[in-house]
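The structure appears right after this line, and notes come after that.
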Amino acid sequence: MSRGRAKTAKATLISVDGVDAADVLGAARAALGPPSRGGISRWDASGVFQELAVADEAAGQPSARTLLLLYAADLAFRLRWQVRPALAEGRTVVAAPYVHTALAFGKAAGLNSAWLMNLFRFAPRANEQVFVHPPRAQARSAKGGFVGFACEHMIGASSGASRAASSRRLAAGAAAPLRATSKKRRARKPRA
């Protein structure tokens with residue numbers, strides 16, 4: 001990329017947050033627009049969750065706090081190797097998901113809000129935010145992505161129908177703070 005372009009292009013960080021991975025990725029592609037504009041920084045770019053998924057059963061089930069610490073480590077990796085270099089070139093980066101998904105999951109898991117906010121203090125604010133919500137009437141568990149992974153790996157003690165019910169409760173619990181944050185953001189925006 002030429003130096004002139006880097007100085008004239010406007011760097012933009014767009015966050016896309018939600019509980020369903022396919023929905024988040026679709027919204028990320030839409031938010032990015034033409035690929036020449038920039039790129040998408042996806043969850044688990046560091047591979048830490050891939051490693052956890054194949055860990056020996058003796059490793060046990062991680063707690064919500066452990067999963068969020070790993071998410072923060074993965075986000076730090078994404079910021080260091082994907083987001084900041086692209087922004088320095090004046091490109092657009094869509095982080096899918098970003099901080100609000102992790103905060104919502106932490107709240108749904110019952111973790112302290114102050115601890116959660118402190119954990120993600122290192123992440124820069126997004127210039128734009130997109131929130132993806134599943135239909136309220138459709139009760140479903142999160143599929144893929146961070147919330148889906150957490151539901152599958154954290155709730156390992158239960159099985160069958162009780163596991164599916166626990167997963168739906170946790171996913172719905174994570175979706176609720178995302179809806180609330182989305183409403184607050186819309187209320188703050190001045191109407192044109």
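Just so we're on the same page: first chain in the structure tokens is A, next is B, and so on; residues restart at 1 for each chain, and ligands are numbered from 1 in the order they show up.
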>> What's around segment 25-32 of chain A at 12 Å? Count only C-alpha atoms, leave out sequence neighbours fewer than 3 positions away in its own chain, and write the answer as a PyMOL selection string.
In response: chain A and resi 12-22+35-43+91-98+128-133+143-145
For the residues in the current selection, export N, CA and C atoms as a CSV table (one decimal), in the first residue's frame.
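Below is the file part31.csv, written as the result:
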```csv
chain,number,residue,atom,x,y,z
A,12,THR,N,-11.2,2.8,9.9
A,12,THR,CA,-12.5,2.7,10.6
A,12,THR,C,-12.5,1.3,11.3
A,13,LEU,N,-12.9,1.2,12.5
A,13,LEU,CA,-13.1,0.0,13.2
A,13,LEU,C,-14.5,-0.2,13.5
A,14,ILE,N,-15.1,-1.3,12.9
A,14,ILE,CA,-16.5,-1.6,13.1
A,14,ILE,C,-16.6,-2.8,13.9
A,15,SER,N,-17.4,-2.8,15.0
A,15,SER,CA,-17.7,-4.0,15.7
A,15,SER,C,-19.0,-4.6,15.4
A,16,VAL,N,-19.0,-5.9,15.3
A,16,VAL,CA,-20.3,-6.6,15.0
A,16,VAL,C,-20.4,-7.7,16.1
A,17,ASP,N,-21.5,-7.5,16.9
A,17,ASP,CA,-21.7,-8.4,18.1
A,17,ASP,C,-23.0,-9.1,18.0
A,18,GLY,N,-23.0,-10.4,18.5
A,18,GLY,CA,-24.2,-11.2,18.5
A,18,GLY,C,-23.9,-12.5,19.0
A,19,VAL,N,-24.9,-13.4,19.2
A,19,VAL,CA,-24.6,-14.7,19.8
A,19,VAL,C,-24.5,-15.8,18.7
A,20,ASP,N,-25.0,-15.6,17.5
A,20,ASP,CA,-25.0,-16.6,16.5
A,20,ASP,C,-23.9,-16.3,15.5
A,21,ALA,N,-22.9,-17.2,15.3
A,21,ALA,CA,-21.8,-17.0,14.5
A,21,ALA,C,-22.1,-16.7,13.0
A,22,ALA,N,-23.1,-17.4,12.4
A,22,ALA,CA,-23.4,-17.2,11.0
A,22,ALA,C,-24.1,-15.8,10.9
A,35,PRO,N,-14.6,-5.9,-0.5
A,35,PRO,CA,-13.4,-6.4,0.2
A,35,PRO,C,-12.2,-5.5,0.1
A,36,SER,N,-12.1,-4.7,-1.0
A,36,SER,CA,-11.0,-3.8,-1.2
A,36,SER,C,-10.9,-2.7,-0.1
A,37,ARG,N,-12.0,-2.5,0.6
A,37,ARG,CA,-12.1,-1.5,1.7
A,37,ARG,C,-11.3,-1.9,2.9
A,38,GLY,N,-11.2,-3.2,3.2
A,38,GLY,CA,-10.5,-3.7,4.4
A,38,GLY,C,-10.7,-5.2,4.6
A,39,GLY,N,-10.9,-5.6,5.8
A,39,GLY,CA,-11.1,-7.0,6.1
A,39,GLY,C,-11.8,-7.3,7.4
A,40,ILE,N,-12.1,-8.5,7.6
A,40,ILE,CA,-12.8,-9.0,8.8
A,40,ILE,C,-11.9,-9.7,9.8
A,41,SER,N,-11.8,-9.3,11.0
A,41,SER,CA,-11.1,-9.9,12.1
A,41,SER,C,-12.0,-10.8,12.8
A,42,ARG,N,-11.8,-12.2,12.7
A,42,ARG,CA,-12.8,-13.1,13.2
A,42,ARG,C,-12.3,-13.7,14.5
A,43,TRP,N,-13.3,-14.1,15.3
A,43,TRP,CA,-13.1,-14.8,16.6
A,43,TRP,C,-12.1,-16.0,16.4
A,91,ARG,N,-7.2,1.4,6.6
A,91,ARG,CA,-8.2,0.5,6.1
A,91,ARG,C,-9.4,0.4,7.1
A,92,THR,N,-10.4,-0.3,6.7
A,92,THR,CA,-11.6,-0.6,7.5
A,92,THR,C,-11.4,-2.0,8.0
A,93,VAL,N,-11.6,-2.2,9.3
A,93,VAL,CA,-11.6,-3.5,9.9
A,93,VAL,C,-12.9,-3.8,10.6
A,94,VAL,N,-13.5,-4.9,10.3
A,94,VAL,CA,-14.7,-5.3,11.0
A,94,VAL,C,-14.3,-6.4,12.0
A,95,ALA,N,-14.5,-6.2,13.3
A,95,ALA,CA,-14.2,-7.2,14.3
A,95,ALA,C,-15.5,-7.9,14.6
A,96,ALA,N,-15.5,-9.2,14.3
A,96,ALA,CA,-16.7,-10.0,14.4
A,96,ALA,C,-16.4,-11.4,15.2
A,97,PRO,N,-16.8,-11.5,16.4
A,97,PRO,CA,-17.4,-10.5,17.3
A,97,PRO,C,-16.3,-9.6,17.9
A,98,TYR,N,-16.8,-8.7,18.7
A,98,TYR,CA,-15.8,-7.8,19.4
A,98,TYR,C,-16.1,-7.9,20.9
A,128,GLU,N,-17.9,2.4,14.7
A,128,GLU,CA,-19.3,2.0,14.4
A,128,GLU,C,-19.6,0.7,15.1
A,129,GLN,N,-20.8,0.5,15.5
A,129,GLN,CA,-21.2,-0.8,16.2
A,129,GLN,C,-22.5,-1.3,15.5
A,130,VAL,N,-22.4,-2.6,15.3
A,130,VAL,CA,-23.6,-3.4,14.7
A,130,VAL,C,-23.9,-4.5,15.7
A,131,PHE,N,-25.2,-4.6,16.0
A,131,PHE,CA,-25.7,-5.7,16.9
A,131,PHE,C,-26.6,-6.6,16.1
A,132,VAL,N,-26.4,-7.9,16.2
A,132,VAL,CA,-27.2,-8.8,15.5
A,132,VAL,C,-28.0,-9.6,16.5
A,133,HIS,N,-29.3,-9.6,16.3
A,133,HIS,CA,-30.2,-10.3,17.3
A,133,HIS,C,-31.0,-11.4,16.6
A,143,LYS,N,-25.2,-20.8,17.8
A,143,LYS,CA,-24.5,-21.8,17.0
A,143,LYS,C,-23.1,-21.2,16.6
A,144,GLY,N,-22.1,-22.0,16.9
A,144,GLY,CA,-20.8,-21.5,16.5
A,144,GLY,C,-20.3,-20.3,17.3
A,145,GLY,N,-19.2,-19.8,16.9
A,145,GLY,CA,-18.7,-18.6,17.5
A,145,GLY,C,-18.4,-18.7,19.0
```
> Using only C-alpha atoms, which residues sit within 12 Å of Ser46 of chain A once same-chain residues fewer than 5 positions away are excluded, as JSON, numbers by chain?
Replying inline: {"A": [41, 51, 52, 70, 71, 72, 73, 74, 75, 76, 77, 78, 79, 80, 81, 82]}
> Pick the closest to Leu111 of chain A from A:Leu67, A:Ala88, A:Ala123, A:Val99: which is it, counting only C-alpha atoms?
Replying inline: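 Selected residue with least distance to Leu111 of chain A: A:Leu67.
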